[in-house]
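**Student:** Take this structure first; my questions come after.
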Amino acid sequence: MTGQAVVRPARSSAAAITAGIIGAALLSTALNTAVAGIARAAGASPDFVPLDLQTYTPWTVIGVLAGFAGWAVVRARATRPRRLLRQLVPAVVSTSWTPDFIVGFNNSMAGTSWGAMIALMIMHVVIGVVVVISCIRLLPLPADRPPRQ
């Protein structure tokens, strides 16, 4: 140990975190509604169900919850949380595109088009950005910890 004090970030209350999760879910859903609307206006088929509010809303909420949970785990356990999240967040978001690519290449849903697939990919990015911004404010990261020996 080098004698340096480990600085822990201030803790947000459970109520603040809960409100933040709800707010992030609402904001993500609103932004995803805009993305879906733009995609439809640009020619995405109304038959493409993943761009329907009742389809993407539950998945948006799941994405927000998973993002907050992942951030909390990294925050609590990682030796270098900032470094890990700089790598993990883009990896998770890009991995979340896998089903979109599968549907796009297989043309396995009614109304599938690459414009609709791109809209879904943008929706995943929207959720990631909203979660990261929310977590930075509500669950600030601690300073790097000394490695365990």
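In the structure tokens, chains take letters A, B, ... by order of appearance, with residues numbered from 1 within each chain and ligands from 1 in the order shown.
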Would you pick out the contacts of Ala44 (chain A) at 7 Å or less, using only C-alpha atoms, so that residues sharing its chain but fewer than 6 positions from it are not included, and give the list as a ChimeraX atom specification?
**Tutor:** /A:113,115-116
**Student:** Write out as a list of chain:residue names each polymer residue whose atoms come within 9 Å of Ser96 (chain A), counting only C-alpha atoms; drop sequence neighbours fewer than 4 positions from it.
**Tutor:**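 Selected residues are A:Ala91, A:Val92, A:Asp100, A:Met121, A:His124.
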**Student:** Could the residues in this selection be saved with N, CA, C and O atoms as a PDB file, in the first residue's frame?
**Tutor:**
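The file below, result_22.pdb, is the result:
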```
ATOM      1  N   ALA A  91     -18.551  -2.272 -26.388  1.00  0.00           N
ATOM      2  CA  ALA A  91     -18.619  -3.703 -26.698  1.00  0.00           C
ATOM      3  C   ALA A  91     -20.035  -4.236 -26.477  1.00  0.00           C
ATOM      4  O   ALA A  91     -20.559  -5.005 -27.301  1.00  0.00           O
ATOM      5  N   VAL A  92     -20.668  -3.836 -25.387  1.00  0.00           N
ATOM      6  CA  VAL A  92     -22.021  -4.319 -25.091  1.00  0.00           C
ATOM      7  C   VAL A  92     -23.020  -3.757 -26.103  1.00  0.00           C
ATOM      8  O   VAL A  92     -23.875  -4.492 -26.621  1.00  0.00           O
ATOM      9  N   ASP A 100     -30.218  -7.682 -34.568  1.00  0.00           N
ATOM     10  CA  ASP A 100     -30.606  -6.816 -35.681  1.00  0.00           C
ATOM     11  C   ASP A 100     -29.974  -7.311 -36.981  1.00  0.00           C
ATOM     12  O   ASP A 100     -30.638  -7.375 -38.020  1.00  0.00           O
ATOM     13  N   MET A 121     -30.639  -0.228 -34.455  1.00  0.00           N
ATOM     14  CA  MET A 121     -29.272  -0.062 -33.950  1.00  0.00           C
ATOM     15  C   MET A 121     -29.108   1.300 -33.286  1.00  0.00           C
ATOM     16  O   MET A 121     -28.477   1.406 -32.222  1.00  0.00           O
ATOM     17  N   HIS A 124     -30.506   1.249 -29.827  1.00  0.00           N
ATOM     18  CA  HIS A 124     -29.594   0.656 -28.842  1.00  0.00           C
ATOM     19  C   HIS A 124     -28.568   1.681 -28.376  1.00  0.00           C
ATOM     20  O   HIS A 124     -28.254   1.765 -27.184  1.00  0.00           O
TER      21      HIS A 124
END
```
**Student:** Please report the interatomic distance between CA of Thr60 (chain A) and CA of Ile133 (chain A) in Å with one decimal.
**Tutor:**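 Result for CA of Thr60 (chain A) versus CA of Ile133 (chain A): 15.7 Å, one decimal.
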**Student:** Quick one: everything within 9 Å of Val130 (chain A), counting only C-alpha atoms, minus sequence neighbours fewer than 4 positions away in the same chain. Send it as a PyMOL selection string.
**Tutor:** chain A and resi 24-25+27-28+64+125-126+134-135
**Student:** From the list A:Gly37, A:Leu120, A:Arg145, A:Val89, which residue is nearest Gly104 (chain A) when using only C-alpha atoms?
**Tutor:**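 Ranking A:Gly37, A:Leu120, A:Arg145, A:Val89 by distance to Gly104 (chain A), first place goes to A:Leu120.
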**Student:** So, counting only C-alpha atoms, which residue among A:Ile122, A:Ser108, A:Ala36, A:Phe101 is closest to Thr55 (chain A)?
**Tutor:**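 Smallest separation from Thr55 (chain A) among the options: A:Ala36.
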**Student:** Between CA of Leu51 (chain A) and CA of Ala69 (chain A), measure the distance and give it in Å to one decimal.
**Tutor:**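 Computed distance, CA of Leu51 (chain A) to CA of Ala69 (chain A), equals 25.5 Å.
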**Student:** Any idea what's packed within 8 Å of Gly111 (chain A), counting only C-alpha atoms, ignoring anything in its chain fewer than 2 positions away? Could you give it as a short mmCIF file (atom, residue, chain, number, x, y, z; two decimals) with N, CA and C atoms, in the first residue's frame?
**Tutor:**
```
data_model
loop_
_atom_site.label_atom_id
_atom_site.label_comp_id
_atom_site.auth_asym_id
_atom_site.auth_seq_id
_atom_site.Cartn_x
_atom_site.Cartn_y
_atom_site.Cartn_z
N ALA A 44 -39.62 3.05 -43.51
CA ALA A 44 -39.68 1.74 -42.83
C ALA A 44 -41.14 1.27 -42.81
N SER A 45 -41.32 0.01 -43.09
CA SER A 45 -42.66 -0.56 -43.22
C SER A 45 -43.41 -0.53 -41.89
N PRO A 46 -44.71 -0.20 -41.94
CA PRO A 46 -45.53 -0.29 -40.74
C PRO A 46 -45.71 -1.74 -40.28
N ASP A 47 -45.38 -2.70 -41.14
CA ASP A 47 -45.45 -4.11 -40.78
C ASP A 47 -44.27 -4.55 -39.92
N PHE A 48 -43.25 -3.72 -39.83
CA PHE A 48 -42.06 -4.08 -39.05
C PHE A 48 -42.32 -3.81 -37.58
N MET A 109 -38.47 -11.13 -40.68
CA MET A 109 -39.67 -10.51 -40.13
C MET A 109 -40.36 -9.72 -41.23
N SER A 113 -36.24 -4.18 -43.46
CA SER A 113 -35.42 -3.41 -44.40
C SER A 113 -34.18 -2.96 -43.64
#
```
**Student:** Would you mind telling me which residue in A:Leu31, A:Leu139, A:Pro81, A:Arg148 lies nearest to Ser13 (chain A) when using only C-alpha atoms?
**Tutor:**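 So, comparing all the options, the nearest one is A:Leu139.
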**Student:** Can you check which residues of region 2-125 of chain A DSSP gives as alpha helix (DSSP H) on the backbone and send them as number ranges by chain?
**Tutor:** A: 14-41, 53-77, 81-95, 98-106, 114-125
**Student:** Which residues come within 12 Å of Leu84 (chain A), counting only C-alpha atoms, excluding same-chain residues fewer than 3 positions away, as a list in words?
**Tutor:**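 Residues meeting the cut-off are Gly70, Trp71, Val73, Val74, Arg75, Arg77, Ala78, Thr79, Arg80, Pro81, Gln87, Leu88, Val89, Pro90, Ala91, Val92, Leu141 and Asp144 of chain A.
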**Student:** Using only C-alpha atoms, which residue out of A:Ala72, A:Val103, A:Met123, A:Ile62 lies closest to Pro140 (chain A)?
**Tutor:** A:Ala72
**Student:** Quote the spacing between CA of Ile102 (chain A) and CA of Val49 (chain A) in Å to one decimal place.
**Tutor:** 15.5 Å
**Student:** Point out the residue among A:Val132, A:Ile17, A:Ala30, A:Ile22 with the least atom-to-atom distance to Arg86 (chain A), counting only C-alpha atoms.
**Tutor:** A:Val132
